[in-house]
$ cat target08.txt   # compact mmCIF, C-alpha atoms
# COMPACT_ATOMS: atom_id res chain seq x y z
CA MET A 1 -194.90 112.19 -17.96
CA LYS A 2 -197.76 111.52 -20.32
CA PRO A 3 -200.68 113.92 -19.89
CA SER A 4 -203.02 110.93 -19.60
CA SER A 5 -201.32 109.86 -16.37
CA ARG A 6 -202.04 113.19 -14.69
CA PRO A 7 -205.22 113.05 -12.64
CA THR A 8 -207.72 115.88 -13.02
CA ILE A 9 -210.76 115.97 -10.76
CA PHE A 10 -213.53 118.51 -11.20
CA SER A 11 -216.94 118.29 -9.60
CA ILE A 12 -219.94 120.03 -8.14
CA THR A 13 -221.11 118.15 -5.07
CA GLU A 14 -223.68 118.33 -2.31
CA SER A 15 -221.47 116.18 -0.09
CA GLU A 16 -218.77 117.16 2.37
CA ILE A 17 -215.44 117.94 0.69
CA ASP A 18 -213.00 115.18 1.65
CA LEU A 19 -209.57 116.79 1.49
CA ASN A 20 -207.62 113.64 2.33
CA ASP A 21 -209.37 111.59 -0.33
CA LEU A 22 -208.88 114.28 -3.00
CA LEU A 23 -205.24 114.75 -2.08
CA ALA A 24 -204.61 111.02 -2.31
CA GLN A 25 -206.19 110.96 -5.79
CA ILE A 26 -203.84 113.65 -7.13
CA THR A 27 -200.66 112.40 -5.48
CA LEU A 28 -198.37 110.43 -7.81
CA GLU A 29 -195.14 108.54 -7.08
CA SER A 30 -193.32 111.61 -8.42
CA THR A 31 -195.28 114.13 -6.30
CA GLY A 32 -193.45 116.01 -3.57
CA ALA A 33 -195.60 119.11 -3.10
CA ALA A 34 -199.25 120.09 -3.00
CA ALA A 35 -200.74 123.58 -2.78
CA ILE A 36 -204.27 123.54 -1.45
CA PHE A 37 -206.72 126.41 -1.28
CA THR A 38 -210.01 125.95 0.46
CA GLY A 39 -212.66 128.58 1.13
CA MET A 40 -215.26 128.31 3.87
CA VAL A 41 -218.39 130.13 4.96
CA ARG A 42 -217.40 133.19 7.00
CA GLY A 43 -219.84 133.79 9.81
CA GLU A 44 -218.48 137.20 10.81
CA THR A 45 -217.36 139.67 8.15
CA ARG A 46 -215.45 142.69 9.40
CA ARG A 47 -213.75 143.89 6.19
CA GLY A 48 -215.85 146.44 4.30
CA GLU A 49 -219.44 146.55 5.46
CA SER A 50 -219.45 144.62 8.75
CA HIS A 51 -222.10 141.88 8.90
CA ASP A 52 -222.86 138.41 10.18
CA THR A 53 -223.93 135.41 8.07
CA ALA A 54 -226.30 132.65 9.25
CA TYR A 55 -225.65 130.47 6.19
CA LEU A 56 -225.04 130.56 2.45
CA GLU A 57 -227.24 128.83 -0.10
CA TYR A 58 -225.21 127.78 -3.16
CA GLU A 59 -226.57 126.76 -6.54
CA ALA A 60 -224.88 125.82 -9.80
CA TYR A 61 -225.62 125.26 -13.47
CA VAL A 62 -224.06 121.87 -12.92
CA PRO A 63 -223.13 120.57 -16.40
CA MET A 64 -221.69 123.91 -17.49
CA ALA A 65 -219.97 124.44 -14.13
CA GLU A 66 -218.17 121.11 -14.42
CA ALA A 67 -217.19 121.86 -18.02
CA LYS A 68 -215.80 125.25 -16.98
CA MET A 69 -213.90 123.65 -14.07
CA LYS A 70 -212.26 121.35 -16.61
CA GLN A 71 -211.43 124.44 -18.68
CA VAL A 72 -209.79 126.04 -15.62
CA ALA A 73 -207.73 122.86 -15.11
CA ASP A 74 -206.73 122.92 -18.79
CA GLU A 75 -205.65 126.57 -18.45
CA ILE A 76 -203.56 125.68 -15.37
CA ARG A 77 -201.80 122.90 -17.29
CA GLU A 78 -201.11 125.25 -20.19
CA LYS A 79 -199.55 127.88 -17.89
CA TRP A 80 -197.73 125.46 -15.57
CA PRO A 81 -196.97 122.29 -17.56
CA VAL A 82 -195.15 120.72 -14.60
CA ILE A 83 -198.33 120.48 -12.51
CA GLU A 84 -199.11 116.81 -11.88
CA GLY A 85 -202.59 116.50 -10.37
CA ILE A 86 -205.43 119.01 -10.13
CA ALA A 87 -208.59 118.83 -8.02
CA ILE A 88 -211.33 121.47 -8.28
CA VAL A 89 -214.44 120.87 -6.18
CA GLN A 90 -217.32 123.21 -5.37
CA ARG A 91 -219.89 122.20 -2.78
CA ILE A 92 -223.46 123.48 -3.21
CA GLY A 93 -226.58 123.55 -1.05
CA ARG A 94 -227.07 125.19 2.34
CA LEU A 95 -223.71 125.67 4.03
CA TYR A 96 -223.11 127.05 7.50
CA PRO A 97 -220.19 129.09 8.91
CA LYS A 98 -216.85 127.25 9.18
CA THR A 99 -217.92 124.76 6.46
CA PRO A 100 -215.51 124.37 3.52
CA THR A 101 -217.31 125.31 0.30
CA VAL A 102 -214.63 125.03 -2.36
CA LEU A 103 -211.28 123.31 -2.81
CA ILE A 104 -208.54 123.77 -5.38
CA ALA A 105 -205.48 121.57 -5.05
CA CYS A 106 -202.49 121.25 -7.36
CA THR A 107 -199.60 118.84 -7.00
CA ALA A 108 -196.08 118.92 -8.43
CA ALA A 109 -192.69 117.32 -7.89
CA HIS A 110 -191.36 120.31 -5.89
CA ARG A 111 -192.72 123.42 -4.22
CA ASP A 112 -190.76 125.87 -6.40
CA THR A 113 -192.50 124.80 -9.61
CA GLY A 114 -195.33 127.35 -9.64
CA VAL A 115 -197.63 125.05 -7.69
CA PHE A 116 -198.72 127.85 -5.31
CA GLU A 117 -199.46 130.20 -8.21
CA ALA A 118 -201.34 127.45 -10.04
CA ALA A 119 -203.73 126.92 -7.11
CA ARG A 120 -204.18 130.69 -6.75
CA TYR A 121 -204.97 130.96 -10.46
CA GLY A 122 -207.48 128.12 -10.11
CA ILE A 123 -209.56 129.78 -7.41
CA ASP A 124 -209.40 133.18 -9.14
CA ARG A 125 -210.59 131.69 -12.44
CA LEU A 126 -213.31 129.65 -10.75
CA LYS A 127 -214.71 132.86 -9.31
CA GLU A 128 -214.71 134.41 -12.81
CA ILE A 129 -216.16 131.81 -15.16
CA VAL A 130 -217.68 128.83 -13.29
CA PRO A 131 -221.48 129.29 -13.08
CA VAL A 132 -222.13 129.02 -9.34
CA TRP A 133 -223.99 131.55 -7.19
CA LYS A 134 -224.56 132.02 -3.51
CA LYS A 135 -227.37 133.62 -1.56
CA GLU A 136 -226.35 135.07 1.76
CA VAL A 137 -228.83 134.62 4.58
CA SER A 138 -228.47 136.62 7.79
CA PRO A 139 -230.73 137.41 10.74
CA SER A 140 -231.65 140.67 8.97
CA GLY A 141 -232.58 139.21 5.58
CA GLU A 142 -231.19 137.55 2.48
CA PHE A 143 -229.55 138.65 -0.75
CA TRP A 144 -227.85 137.08 -3.76
CA VAL A 145 -224.13 137.74 -3.94
CA GLU A 146 -223.22 138.84 -7.47
CA GLY A 147 -219.77 138.79 -8.96
CA ASP A 148 -218.40 141.49 -11.23
CA TYR A 149 -216.59 139.55 -13.95
CA ILE A 150 -217.98 139.64 -17.48
CA PRO A 151 -216.58 136.73 -19.51
CA LYS A 152 -215.05 137.52 -22.88
CA PRO A 153 -215.68 135.61 -26.13
CA GLY A 154 -213.88 132.27 -25.98
CA GLU A 155 -214.02 132.05 -22.20
CA MET B 1 -239.23 128.95 -36.11
CA ASN B 2 -236.67 127.41 -33.76
CA HIS B 3 -237.51 125.61 -30.55
CA ILE B 4 -235.28 126.57 -27.61
CA LYS B 5 -235.05 125.85 -23.88
CA LEU B 6 -234.30 128.64 -21.41
CA LEU B 7 -232.79 128.09 -17.97
CA PHE B 8 -232.75 130.78 -15.28
CA PHE B 9 -230.47 130.95 -12.25
CA ALA B 10 -230.09 133.00 -9.05
CA THR B 11 -231.59 136.51 -9.24
CA ILE B 12 -232.84 135.93 -12.78
CA ARG B 13 -234.80 132.84 -11.69
CA ASP B 14 -236.31 134.73 -8.77
CA ARG B 15 -237.50 137.48 -11.10
CA ALA B 16 -238.71 135.09 -13.81
CA GLY B 17 -240.57 133.06 -11.19
CA THR B 18 -239.55 129.83 -12.92
CA LYS B 19 -236.45 127.70 -13.42
CA SER B 20 -237.02 127.04 -17.11
CA LEU B 21 -239.14 127.81 -20.13
CA GLU B 22 -239.47 126.46 -23.64
CA MET B 23 -240.34 128.70 -26.56
CA GLU B 24 -240.37 129.10 -30.31
CA ILE B 25 -238.28 131.90 -31.79
CA PRO B 26 -237.57 133.08 -35.36
CA ALA B 27 -234.68 131.18 -36.94
CA ASP B 28 -232.49 134.26 -37.31
CA MET B 29 -232.98 135.64 -33.78
CA THR B 30 -229.83 136.88 -32.04
CA ILE B 31 -229.08 136.99 -28.32
CA GLN B 32 -229.91 140.71 -28.41
CA GLY B 33 -233.22 139.88 -30.07
CA LEU B 34 -233.94 137.26 -27.43
CA LYS B 35 -233.19 139.76 -24.64
CA ASP B 36 -235.60 142.24 -26.25
CA LYS B 37 -238.29 139.56 -26.54
CA LEU B 38 -237.86 138.52 -22.89
CA SER B 39 -238.00 142.17 -21.75
CA THR B 40 -241.32 142.55 -23.56
CA ASP B 41 -242.86 139.19 -22.63
CA TYR B 42 -241.63 139.18 -19.01
CA PRO B 43 -241.50 142.79 -17.73
CA ASN B 44 -239.97 141.59 -14.43
CA LEU B 45 -236.87 140.60 -16.38
CA LYS B 46 -236.42 143.92 -18.17
CA ASP B 47 -234.02 145.47 -15.65
CA SER B 48 -232.01 142.25 -15.45
CA MET B 49 -231.29 142.16 -19.18
CA LYS B 50 -228.66 144.93 -18.92
CA SER B 51 -226.18 142.93 -16.83
CA VAL B 52 -227.29 139.35 -17.53
CA LEU B 53 -224.80 136.73 -18.70
CA ILE B 54 -226.12 134.39 -21.38
CA THR B 55 -224.86 131.02 -22.55
CA ILE B 56 -225.70 128.98 -25.64
CA ASN B 57 -225.23 125.25 -25.14
CA ARG B 58 -223.07 125.88 -22.03
CA GLU B 59 -220.69 128.40 -23.62
CA TYR B 60 -220.77 132.16 -22.97
CA ALA B 61 -222.54 133.98 -25.80
CA PHE B 62 -222.76 137.62 -26.82
CA ASP B 63 -225.38 139.94 -28.27
CA GLU B 64 -224.68 139.37 -31.97
CA ALA B 65 -224.71 135.54 -31.76
CA VAL B 66 -227.59 133.82 -33.57
CA VAL B 67 -229.51 131.36 -31.40
CA PRO B 68 -229.40 127.89 -33.00
CA SER B 69 -232.33 125.48 -33.11
CA ASN B 70 -232.81 123.30 -30.02
CA ALA B 71 -230.37 125.49 -28.11
CA GLU B 72 -230.10 125.32 -24.34
CA ILE B 73 -229.93 128.97 -23.33
CA ALA B 74 -229.08 129.95 -19.75
CA LEU B 75 -229.47 133.41 -18.22
CA PHE B 76 -227.77 134.36 -14.98
CA PRO B 77 -225.99 137.16 -13.11
CA PRO B 78 -222.18 137.39 -12.88
CA VAL B 79 -221.02 134.29 -11.01
CA SER B 80 -220.26 134.27 -7.28
CA GLY B 81 -218.97 130.79 -6.45
CA GLY B 82 -216.05 129.87 -4.27
$ encode --input "target08.txt" --output "structure tokens"
Amino acid sequence: MKPSSRPTIFSITESEIDLNDLLAQITLESTGAAAIFTGMVRGETRRGESHDTAYLEYEAYVPMAEAKMKQVADEIREKWPVIEGIAIVQRIGRLYPKTPTVLIACTAAHRDTGVFEAARYGIDRLKEIVPVWKKEVSPSGEFWVEGDYIPKPGE
Amino acid sequence: MNHIKLLFFATIRDRAGTKSLEMEIPADMTIQGLKDKLSTDYPNLKDSMKSVLITINREYAFDEAVVPSNAEIALFPPVSGG
């Protein structure tokens, strides 16, 4: 299959993430499997320091974030050339518990092609290099969540 | 002198008290030099300069890089999307 016929979607949005629409856009005639990861706002955290969350406020450096999402998609295609479609979407703004905030979906002909690993790689890389931040707001106050990954030259 | 635009995000914006700034810098100034200048000019940012991530024209940049003219420089903490 020509690379040009493989759909790649990457966007920062303030709108609801429409899983069905995105899945349809990355499903080809030859597609038989999709691995989808979505993250949502967790209202009750019990792992580590137990706390509750009223909402998260997301912001992004939009043009760079979309460029880095494309880079993540390019890296996925380099590692798993059989991947057909890729969708990477991050929602920003004020998001409440149970609301999906991010979606990574990869499609392939079959499930044993690395499609699960590709989606896993996508979310892990997004959390490393895509410039998006979230502020956690709870009844007891608010704080910016900071990651711990320092990008290397060329990333 | 080179004209540059600075963008601040998340904790760095809160401490800077602004989303963006424009300034003139010497033509040979490096990212390290820019961090030193910001620490001096904006004392609230001094502590942030140790762990800040910096980009030049939307690519990650490191201390020894020279800041080009008309660059869009962004400063922000390690990312926390998802």
$ closest_atom_pairs --input "target08.txt" --of "chain A" --to "chain B" --cutoff "6 Å" --atoms "all atoms listed in the file" --output "CSV"
residue,atom,partner,partner_atom,distance
A:Met64,CA,B:Arg58,CA,5.1
A:Val102,CA,B:Gly82,CA,5.4
A:Lys127,CA,B:Gly81,CA,5.5
A:Pro131,CA,B:Val79,CA,5.4
A:Val132,CA,B:Gly81,CA,4.6
A:Trp133,CA,B:Ser80,CA,4.6
A:Glu146,CA,B:Ser80,CA,5.4
A:Gly147,CA,B:Pro78,CA,4.8
A:Asp148,CA,B:Pro78,CA,5.8
$ write_last_selection --input "target08.txt" --atoms "C-alpha atoms" --output "PDB file, keeping the file's coordinate frame"
ATOM      1  CA  MET A  64    -221.690 123.910 -17.490  1.00  0.00           C
ATOM      2  CA  VAL A 102    -214.630 125.030  -2.360  1.00  0.00           C
ATOM      3  CA  LYS A 127    -214.710 132.860  -9.310  1.00  0.00           C
ATOM      4  CA  PRO A 131    -221.480 129.290 -13.080  1.00  0.00           C
ATOM      5  CA  VAL A 132    -222.130 129.020  -9.340  1.00  0.00           C
ATOM      6  CA  TRP A 133    -223.990 131.550  -7.190  1.00  0.00           C
ATOM      7  CA  GLU A 146    -223.220 138.840  -7.470  1.00  0.00           C
ATOM      8  CA  GLY A 147    -219.770 138.790  -8.960  1.00  0.00           C
ATOM      9  CA  ASP A 148    -218.400 141.490 -11.230  1.00  0.00           C
TER      10      ASP A 148
END
$ closest_residue --input "target08.txt" --among "B:Thr18, B:Arg13, B:Glu24, B:Lys35" --to "Asn70 in chain B" --atoms "all atoms listed in the file"
B:Glu24
$ residues_around --input "target08.txt" --residues "Ile123 in chain A" --least-positions-apart "6" --cutoff "12 Å" --atoms "all atoms listed in the file" --output "list in words"
Ala35, Ile36, Phe37, Thr38, Gly39, Met69, Val72, Ala73, Ile76, Ile86, Ala87, Ile88, Val89, Gln90, Thr101, Val102, Leu103, Ile104, Ala105, Cys106, Phe116, Glu117, Ile129 and Val130 of chain A; Ser80, Gly81 and Gly82 of chain B
$ write_last_selection --input "target08.txt" --atoms "C-alpha atoms" --output "PDB file, in the coordinates of the input"
ATOM      1  CA  ALA A  35    -200.740 123.580  -2.780  1.00  0.00           C
ATOM      2  CA  ILE A  36    -204.270 123.540  -1.450  1.00  0.00           C
ATOM      3  CA  PHE A  37    -206.720 126.410  -1.280  1.00  0.00           C
ATOM      4  CA  THR A  38    -210.010 125.950   0.460  1.00  0.00           C
ATOM      5  CA  GLY A  39    -212.660 128.580   1.130  1.00  0.00           C
ATOM      6  CA  MET A  69    -213.900 123.650 -14.070  1.00  0.00           C
ATOM      7  CA  VAL A  72    -209.790 126.040 -15.620  1.00  0.00           C
ATOM      8  CA  ALA A  73    -207.730 122.860 -15.110  1.00  0.00           C
ATOM      9  CA  ILE A  76    -203.560 125.680 -15.370  1.00  0.00           C
ATOM     10  CA  ILE A  86    -205.430 119.010 -10.130  1.00  0.00           C
ATOM     11  CA  ALA A  87    -208.590 118.830  -8.020  1.00  0.00           C
ATOM     12  CA  ILE A  88    -211.330 121.470  -8.280  1.00  0.00           C
ATOM     13  CA  VAL A  89    -214.440 120.870  -6.180  1.00  0.00           C
ATOM     14  CA  GLN A  90    -217.320 123.210  -5.370  1.00  0.00           C
ATOM     15  CA  THR A 101    -217.310 125.310   0.300  1.00  0.00           C
ATOM     16  CA  VAL A 102    -214.630 125.030  -2.360  1.00  0.00           C
ATOM     17  CA  LEU A 103    -211.280 123.310  -2.810  1.00  0.00           C
ATOM     18  CA  ILE A 104    -208.540 123.770  -5.380  1.00  0.00           C
ATOM     19  CA  ALA A 105    -205.480 121.570  -5.050  1.00  0.00           C
ATOM     20  CA  CYS A 106    -202.490 121.250  -7.360  1.00  0.00           C
ATOM     21  CA  PHE A 116    -198.720 127.850  -5.310  1.00  0.00           C
ATOM     22  CA  GLU A 117    -199.460 130.200  -8.210  1.00  0.00           C
ATOM     23  CA  ILE A 129    -216.160 131.810 -15.160  1.00  0.00           C
ATOM     24  CA  VAL A 130    -217.680 128.830 -13.290  1.00  0.00           C
TER      25      VAL A 130
ATOM     26  CA  SER B  80    -220.260 134.270  -7.280  1.00  0.00           C
ATOM     27  CA  GLY B  81    -218.970 130.790  -6.450  1.00  0.00           C
ATOM     28  CA  GLY B  82    -216.050 129.870  -4.270  1.00  0.00           C
TER      29      GLY B  82
END
$ residues_around --input "target08.txt" --residues "range 45-52 of chain A" --least-positions-apart "6" --cutoff "10 Å" --atoms "all atoms listed in the file" --output "PyMOL selection string"
chain A and resi 97+136-140
$ residues_around --input "target08.txt" --residues "Val66 in chain B" --least-positions-apart "2" --cutoff "10 Å" --atoms "all atoms listed in the file" --output "count of residues only"
15
$ atom_distance --input "target08.txt" --atom1 "CA of Arg42 in chain A" --atom2 "CA of Thr99 in chain A"
8.5 Å
$ atom_distance --input "target08.txt" --atom1 "CA of Arg120 in chain A" --atom2 "CA of Ala108 in chain A"
14.4 Å
$ atom_distance --input "target08.txt" --atom1 "CA of Val115 in chain A" --atom2 "CA of Thr31 in chain A"
11.3 Å
$ closest_residue --input "target08.txt" --among "A:Tyr149, A:Trp144, A:Trp80, A:Tyr96" --to "Ala119 in chain A" --atoms "only C-alpha atoms"
A:Trp80
$ residues_around --input "target08.txt" --residues "Met23 in chain B" --least-positions-apart "2" --cutoff "7 Å" --atoms "only C-alpha atoms" --output "PyMOL selection string"
chain B and resi 3-5+21+25
$ residues_near_point --input "target08.txt" --point "(-193.9, 118.1, -7.9)" --cutoff "9 Å" --atoms "all atoms listed in the file" --output "list in words"
Leu28, Ser30, Thr31, Gly32, Ala33, Ala34, Val82, Ile83, Glu84, Thr107, Ala108, Ala109, His110, Arg111, Asp112, Thr113 and Val115 of chain A
